[in-house]
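Student: Below is the file data-v9.txt, with compact mmCIF, C-alpha atoms.
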```
# COMPACT_ATOMS: atom_id res chain seq x y z
CA MET F 1479 -20.11 38.17 35.79
CA PRO F 1480 -20.83 39.24 32.16
CA ASP F 1481 -17.18 38.66 31.23
CA ILE F 1482 -17.47 35.07 32.49
CA LEU F 1483 -20.79 34.34 30.76
CA LEU F 1484 -20.06 36.04 27.45
CA ASP F 1485 -16.30 35.55 27.24
CA GLY F 1486 -14.91 32.97 29.65
CA ILE F 1487 -17.47 30.14 29.46
CA PRO F 1488 -17.60 30.22 25.62
CA VAL F 1489 -13.81 29.79 25.50
CA ILE F 1490 -14.01 26.80 27.86
CA ASP F 1491 -16.88 25.34 25.81
CA LEU F 1492 -15.05 25.72 22.49
CA LEU F 1493 -11.96 24.04 23.93
CA GLU F 1494 -14.08 21.02 24.84
CA ILE F 1495 -15.38 20.87 21.28
CA THR F 1496 -12.11 21.63 19.49
CA PRO F 1497 -9.14 20.96 21.80
CA SER F 1498 -6.88 23.51 20.16
CA THR F 1499 -6.22 26.98 21.51
CA GLN F 1500 -5.21 28.07 18.02
CA GLU F 1501 -8.52 26.90 16.51
CA VAL F 1502 -10.52 28.55 19.29
CA ALA F 1503 -8.58 31.77 18.75
CA LEU F 1504 -9.72 31.73 15.12
CA GLN F 1505 -13.31 31.11 16.21
CA ILE F 1506 -13.45 34.04 18.62
CA LYS F 1507 -11.12 36.27 16.56
CA ARG F 1508 -8.50 36.72 19.27
CA ASP F 1509 -4.89 35.65 19.61
CA GLN F 1510 -3.89 32.26 20.99
CA SER F 1511 -2.32 33.67 24.15
CA SER F 1512 -5.64 35.37 25.01
CA VAL F 1513 -7.46 32.04 24.79
CA SER F 1514 -5.00 30.41 27.18
CA ARG F 1515 -5.17 33.35 29.57
CA ILE F 1516 -8.98 33.45 29.57
CA TYR F 1517 -9.54 29.78 30.30
CA ARG F 1518 -6.90 29.73 33.05
CA GLN F 1519 -8.30 32.84 34.73
CA VAL F 1520 -11.87 31.52 34.60
CA SER F 1521 -10.78 28.11 35.84
CA THR F 1522 -8.90 29.63 38.79
CA ARG F 1523 -11.65 32.10 39.67
CA LEU F 1524 -14.39 29.44 39.67
CA GLY F 1525 -12.32 26.53 41.00
CA LEU F 1526 -12.99 24.42 37.89
CA ASN F 1527 -9.55 22.83 37.55
CA PHE F 1528 -10.03 23.08 33.78
CA ALA F 1529 -7.04 21.95 31.71
CA LYS F 1530 -5.89 19.69 28.92
CA GLN F 1531 -6.02 16.06 30.04
CA PRO F 1532 -3.64 13.19 29.10
CA ASP F 1533 -6.04 12.04 26.36
CA GLY F 1534 -5.70 15.42 24.63
CA GLN F 1535 -9.17 16.65 25.60
CA TYR F 1536 -9.89 19.72 27.72
CA ARG F 1537 -12.12 19.05 30.74
CA ALA F 1538 -13.05 20.57 34.09
CA LEU F 1539 -12.32 18.30 37.03
CA GLY F 1540 -13.88 20.53 39.70
CA ASP F 1541 -17.27 22.11 40.56
CA HIS F 1542 -19.29 20.61 37.72
CA THR F 1543 -22.55 21.89 39.23
CA LEU F 1544 -21.41 25.52 39.04
CA LEU F 1545 -20.08 25.04 35.52
CA GLN F 1546 -23.36 23.47 34.37
CA ASP F 1547 -25.39 26.41 35.72
CA LEU F 1548 -23.07 28.95 34.10
CA ARG F 1549 -23.12 27.08 30.79
CA ARG F 1550 -26.90 27.11 30.70
CA SER F 1551 -27.00 30.86 31.32
CA SER F 1552 -24.15 31.55 28.89
CA GLN F 1553 -25.89 29.54 26.16
CA ARG F 1554 -29.13 31.52 26.52
CA LEU F 1555 -27.33 34.86 26.45
CA ARG F 1556 -25.21 33.88 23.45
CA ILE F 1557 -28.13 32.61 21.36
CA HIS F 1558 -30.25 35.68 22.10
CA GLN F 1559 -27.49 38.26 21.70
CA ALA F 1560 -25.27 36.61 19.07
CA PRO F 1561 -27.19 33.94 17.09
CA GLU F 1562 -24.40 34.02 14.52
CA ASP F 1563 -22.30 32.19 17.13
CA LEU F 1564 -24.59 29.15 17.20
CA ARG F 1565 -22.50 26.04 17.93
CA TRP F 1566 -23.35 22.84 16.11
CA VAL F 1567 -21.70 19.75 14.64
CA GLY F 1568 -22.57 17.21 11.98
CA SER F 1569 -21.75 13.56 11.63
CA PRO F 1570 -18.12 12.76 10.69
CA TRP F 1571 -19.51 10.74 7.76
CA ASN F 1572 -21.58 13.60 6.37
CA ARG F 1573 -19.52 16.24 4.64
CA ALA F 1574 -22.44 17.85 2.81
CA ILE F 1575 -23.78 19.62 5.88
CA GLN F 1576 -20.28 20.18 7.25
CA THR F 1577 -19.63 22.48 4.29
CA MET F 1578 -23.12 24.01 4.26
CA THR F 1579 -22.93 27.80 4.10
CA SER F 1580 -25.54 30.51 4.48
CA ASP F 1581 -25.84 34.10 5.67
CA ARG F 1582 -28.49 32.98 8.15
CA HIS F 1583 -26.47 30.52 10.21
CA PRO F 1584 -22.85 29.70 11.10
CA PRO F 1585 -21.02 26.72 9.58
CA ALA F 1586 -20.68 23.48 11.50
CA LEU F 1587 -17.73 23.11 13.83
CA GLU F 1588 -15.20 20.39 13.13
CA ARG F 1589 -15.60 17.50 15.55
CA PRO F 1590 -12.47 15.47 16.42
CA TRP F 1591 -14.42 12.61 18.03
CA PHE F 1592 -16.23 9.61 16.52
CA GLY F 1593 -18.70 8.17 19.02
CA GLU F 1594 -22.02 9.94 19.52
CA GLN F 1595 -21.91 9.41 23.27
CA ARG F 1596 -19.65 12.45 23.51
CA THR F 1597 -21.97 14.44 21.24
CA LEU F 1598 -24.86 13.66 23.56
CA VAL F 1599 -22.91 14.74 26.63
CA LEU F 1600 -21.91 18.06 25.04
CA LEU F 1601 -25.54 18.73 24.11
CA GLU F 1602 -26.82 17.90 27.57
CA GLN F 1603 -24.16 20.11 29.14
CA HIS F 1604 -25.20 23.08 26.94
CA VAL F 1605 -21.78 23.14 25.25
CA LEU F 1606 -23.37 22.40 21.85
CA ASP F 1607 -26.63 23.95 20.68
CA LEU F 1608 -27.48 21.37 18.01
CA ALA F 1609 -26.01 18.24 16.45
CA VAL F 1610 -26.75 15.91 13.55
CA VAL F 1611 -26.06 12.38 14.76
CA SER F 1612 -26.44 8.76 13.73
CA VAL F 1613 -28.78 7.36 16.33
CA LEU F 1614 -27.86 3.66 16.57
CA ASP F 1615 -25.31 4.07 19.35
CA LEU F 1616 -27.55 6.39 21.36
CA LEU F 1617 -30.14 3.67 21.90
CA PRO F 1618 -29.27 3.05 25.57
CA THR F 1619 -30.10 6.70 26.28
CA ALA F 1620 -32.56 7.38 23.49
CA PRO F 1621 -34.84 4.37 22.89
CA LEU F 1622 -35.57 4.98 19.22
CA ASN F 1623 -36.67 2.17 16.94
CA THR F 1624 -37.89 1.76 13.40
CA ALA F 1625 -41.55 2.17 14.36
CA THR F 1626 -41.06 5.46 16.18
CA LEU F 1627 -38.79 6.85 13.47
CA ARG F 1628 -41.35 6.11 10.75
CA GLN F 1629 -43.86 8.35 12.49
CA ARG F 1630 -41.78 11.28 11.22
CA GLN F 1631 -42.55 13.30 14.33
CA PRO F 1632 -40.24 15.09 16.80
CA LEU F 1633 -39.30 12.68 19.57
CA ALA F 1634 -38.79 13.80 23.17
CA LEU F 1635 -35.60 12.41 24.72
CA GLY F 1636 -35.44 13.88 28.19
CA ASN F 1637 -34.38 17.51 27.75
CA LEU F 1638 -33.56 16.91 24.08
CA VAL F 1639 -35.72 16.62 20.98
CA ALA F 1640 -34.83 14.37 18.04
CA LEU F 1641 -35.97 15.39 14.56
CA PRO F 1642 -35.63 12.37 12.21
CA LEU F 1643 -34.01 12.92 8.80
CA VAL F 1644 -33.29 9.62 7.02
CA GLN F 1645 -33.02 5.92 7.82
CA TYR F 1646 -30.71 3.44 6.11
CA GLU F 1647 -29.12 0.00 6.37
CA LEU F 1648 -25.43 -0.36 7.08
CA ALA F 1649 -23.56 -2.26 4.39
CA VAL F 1650 -20.29 -4.20 4.24
CA THR F 1651 -18.16 -2.51 1.59
CA THR F 1652 -14.82 -3.32 0.00
CA HIS F 1653 -12.57 -2.32 -2.84
CA PRO F 1654 -14.18 -3.51 -6.10
CA ARG F 1655 -11.33 -6.01 -6.60
CA HIS F 1656 -11.54 -7.44 -3.09
CA PRO F 1657 -11.66 -11.29 -3.18
CA LEU F 1658 -15.09 -11.37 -1.51
CA GLN F 1659 -16.60 -9.48 -4.43
CA GLN F 1660 -16.37 -12.78 -6.34
CA THR F 1661 -17.76 -14.88 -3.48
CA ILE F 1662 -21.38 -16.02 -3.27
CA ASP F 1663 -21.35 -17.56 0.20
CA LEU F 1664 -20.98 -14.44 2.34
CA GLY F 1665 -21.37 -14.14 6.08
CA PRO F 1666 -19.53 -14.07 9.44
CA ALA F 1667 -17.31 -17.06 8.62
CA ARG F 1668 -16.03 -15.30 5.50
CA PHE F 1669 -15.87 -11.84 7.01
CA ALA F 1670 -13.76 -12.98 9.96
CA ALA F 1671 -10.93 -13.89 7.60
CA TYR F 1672 -10.35 -10.23 6.74
CA PRO F 1673 -9.28 -7.43 9.10
CA SER F 1674 -11.60 -4.58 9.87
CA LEU F 1675 -10.80 -1.35 11.63
CA ALA F 1676 -12.23 -0.85 15.10
CA ALA F 1677 -12.11 1.89 17.70
CA ASN F 1678 -13.11 2.00 21.34
CA PRO F 1679 -16.26 -0.15 21.63
CA ALA F 1680 -17.47 2.12 24.45
CA ASP F 1681 -17.95 4.81 21.80
CA PHE F 1682 -20.04 2.44 19.67
CA PRO F 1683 -21.92 0.18 22.12
CA HIS F 1684 -24.57 -1.09 19.70
CA THR F 1685 -22.66 -0.90 16.44
CA SER F 1686 -19.68 -2.80 17.85
CA SER F 1687 -21.93 -5.58 19.21
CA ALA F 1688 -23.81 -5.92 15.93
CA LEU F 1689 -20.63 -5.96 13.85
CA ARG F 1690 -18.87 -8.37 16.18
CA ARG F 1691 -21.66 -10.88 15.52
CA LEU F 1692 -20.77 -10.55 11.83
CA GLY F 1693 -17.07 -11.08 12.49
CA LEU F 1694 -16.36 -7.47 11.56
CA TRP F 1695 -15.30 -5.75 14.79
CA ARG F 1696 -11.88 -6.53 16.14
CA THR F 1697 -10.94 -4.41 19.13
CA PRO F 1698 -7.22 -3.62 18.82
CA HIS F 1699 -4.82 -4.10 21.72
CA THR F 1700 -4.22 -0.34 21.62
CA ILE F 1701 -7.22 1.85 20.92
CA THR F 1702 -6.52 4.02 17.89
CA ARG F 1703 -8.23 7.34 17.28
CA TYR F 1704 -8.94 6.94 13.58
CA THR F 1705 -9.84 9.78 11.30
CA TRP F 1706 -12.86 9.25 9.05
CA GLN F 1707 -10.50 9.00 6.06
CA GLN F 1708 -8.65 6.08 7.68
CA TRP F 1709 -11.87 4.45 8.84
CA GLU F 1710 -13.53 4.17 5.45
CA GLY F 1711 -10.48 4.68 3.28
CA SER F 1712 -8.78 1.53 4.57
CA CYS F 1713 -10.66 -0.54 2.01
CA SER F 1714 -8.40 0.84 -0.73
CA ASP F 1715 -5.78 -1.81 0.10
CA GLN F 1716 -8.16 -4.56 -1.20
CA ARG F 1717 -7.93 -6.45 2.11
CA HIS F 1718 -10.13 -4.68 4.64
CA LEU F 1719 -13.87 -4.85 5.04
CA VAL F 1720 -15.44 -1.53 6.02
CA VAL F 1721 -18.99 -0.92 7.17
CA THR F 1722 -20.53 2.18 5.57
CA HIS F 1723 -23.89 3.80 4.97
CA PRO F 1724 -25.27 5.42 1.78
CA ILE F 1725 -24.52 9.01 2.85
CA GLY F 1726 -20.90 8.20 3.72
CA ARG F 1727 -20.42 6.40 0.41
CA ALA F 1728 -21.94 9.31 -1.51
CA TRP F 1729 -19.28 11.60 -0.08
CA LEU F 1730 -16.35 9.23 -0.48
CA GLN F 1731 -17.19 7.85 -3.92
CA PRO F 1732 -15.37 10.59 -5.89
CA HIS F 1733 -12.23 9.90 -3.86
CA LEU F 1734 -12.38 6.16 -3.22
CA GLU F 1735 -13.74 3.09 -4.95
CA LEU F 1736 -16.33 1.58 -2.61
CA ALA F 1737 -18.47 -1.40 -3.53
CA PRO F 1738 -21.08 -2.85 -1.15
CA LEU F 1739 -21.12 -6.64 -0.92
CA PRO F 1740 -24.44 -8.33 -1.77
CA TYR F 1741 -25.12 -9.11 1.87
CA ALA F 1742 -27.96 -7.76 4.00
CA THR F 1743 -26.57 -6.88 7.43
CA GLY F 1744 -30.00 -6.07 8.85
CA ILE F 1745 -28.35 -3.27 10.88
CA MET F 1746 -30.54 -0.17 10.58
CA ASP F 1747 -29.37 3.30 11.53
CA ALA F 1748 -30.77 6.79 11.06
CA ASP F 1749 -29.65 10.40 11.05
CA VAL F 1750 -31.50 12.75 13.37
CA ILE F 1751 -31.13 16.36 14.52
CA LEU F 1752 -30.72 16.66 18.28
CA VAL F 1753 -31.45 19.96 20.02
CA GLN F 1754 -32.39 21.16 23.50
CA ALA F 1755 -36.21 21.14 23.75
CA ASP F 1756 -36.40 24.69 25.13
CA LEU F 1757 -34.29 26.03 22.23
CA LEU F 1758 -36.41 24.46 19.51
CA ALA F 1759 -38.63 27.50 18.93
CA HIS F 1760 -35.75 29.99 18.77
CA ALA F 1761 -35.53 31.65 15.35
CA ALA F 1762 -31.82 30.90 14.85
CA ILE F 1763 -32.33 27.22 15.69
CA THR F 1764 -35.39 27.02 13.41
CA HIS F 1765 -33.44 28.50 10.48
CA LEU F 1766 -30.58 26.07 11.01
CA ILE F 1767 -32.90 23.05 11.19
CA GLN F 1768 -34.58 24.10 7.95
CA ALA F 1769 -31.21 24.57 6.26
CA ILE F 1770 -30.04 21.09 7.33
CA GLN F 1771 -33.25 19.48 6.08
CA GLN F 1772 -32.90 21.31 2.77
CA ALA F 1773 -29.25 20.24 2.46
CA TYR F 1774 -30.20 16.61 2.97
CA ARG F 1775 -32.83 16.79 0.25
CA GLN F 1776 -30.48 18.61 -2.11
CA HIS F 1777 -27.40 16.43 -1.68
CA TYR F 1778 -28.99 13.01 -1.21
CA ARG F 1779 -32.18 13.03 -3.26
CA HIS F 1780 -30.50 10.74 -5.81
CA LEU F 1781 -29.83 7.98 -3.26
CA THR F 1782 -32.37 5.21 -3.63
CA ASP F 1783 -31.39 3.33 -0.46
CA LEU F 1784 -32.54 6.04 1.98
CA ARG F 1785 -35.90 6.05 3.74
CA TRP F 1786 -36.87 9.68 4.16
CA LEU F 1787 -38.19 10.63 7.59
CA LEU F 1788 -38.53 14.42 7.29
```
Could you show the structure in this file as structure tokens?
Tutor:
Amino acid sequence: MPDILLDGIPVIDLLEITPSTQEVALQIKRDQSSVSRIYRQVSTRLGLNFAKQPDGQYRALGDHTLLQDLRRSSQRLRIHQAPEDLRWVGSPWNRAIQTMTSDRHPPALERPWFGEQRTLVLLEQHVLDLAVVSVLDLLPTAPLNTATLRQRQPLALGNLVALPLVQYELAVTTHPRHPLQQTIDLGPARFAAYPSLAANPADFPHTSSALRRLGLWRTPHTITRYTWQQWEGSCSDQRHLVVTHPIGRAWLQPHLELAPLPYATGIMDADVILVQADLLAHAAITHLIQAIQQAYRQHYRHLTDLRWLL
């Protein structure tokens, strides 16, 4: 059993986070063939039917109840015995904490997904230990609103706890020479005349609805898995409209010219730290939370359009 809890389950977990046997091999400091052998042996032994699916993601199709119990036990053992192996992810729009380094905690893992629904699932399944997320699209599961966020207190969300960081308004941004930068009468009628990138609306249930009302969300015939560079960088062609927030713009500004239009979208979002409630008091988790809060203050203290919640 120890080889499954301390070796096999972590390999399966990491493959669900980063669907690359080569990347997982680097994480656990073993060769790629060992990663493939471990996950296949564990899958066969436990009847998990764990494999790479047609969408490119690794998932178990069998005995989810057993896997959930083993993941919970594996997570507790790993955090107590090897806190340096803490698994966490940041937002794809927030590179400051992605590159955060310290001797007291591991760096964030790269996340190949956009929508926070998947982040929530991986947290609830004990695959991830902690995540920094934008909360707007978690509203169906986590009923957070402006009033509760302003209380600046930890918020209980089932088995998870949300620690608010900052709140902000989403803005419509363009290349500085975009035609709408010279237009006074802005709104849905104008916005609809210009293309905007969109992904699977199921990944962004609230954001997609809000942007669609502004004429900004056009679901493509074929869902495209955009990278964050394509998502926000598309405005460089002087045709697209791209919705951004202050933290995303702060990261991209040295690389891209982004100019918010003088239009209030009224769409509020916030960054929060999500963590399992029963892990909150663990020393390694506490150190990581403090480091993330410090990184936010350090990197974004100059932004005037953030409402601080920590």
Student: What gap, in Å, lies between CA of Gln1776 (chain F) and CA of Ala1560 (chain F)?
Tutor: 28.3 Å
Student: Which is closest to Arg1668 (chain F) among F:His1780, F:Gly1726, F:Arg1537, F:Tyr1741, if we use all atoms listed in the file?
Tutor: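 Smallest distance to Arg1668 (chain F) is found for F:Tyr1741.
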Student: Between F:Arg1549, F:Pro1497, F:Asn1572, F:Leu1564, which is the closest to Tyr1536 (chain F) once you count only C-alpha atoms?
Tutor: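 Among the listed residues, the smallest separation from Tyr1536 (chain F) belongs to F:Pro1497.
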Student: Between CA of Gly1693 (chain F) and CA of Ser1674 (chain F), what is the distance, to one decimal in Å?
Tutor: 8.9 Å
Student: Restricting the calculation to only C-alpha atoms, which member of F:Ile1725, F:Leu1658, F:Val1610, F:Val1489 is positioned closest to Gln1771 (chain F)?
Tutor: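 The closest residue to Gln1771 (chain F) is F:Val1610.
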Student: Counting all atoms listed in the file, what is within 7 Å of Gln1546 (chain F), bar same-chain residues fewer than 4 positions away, as a ChimeraX atom specification?
Tutor: /F:1542,1550,1603
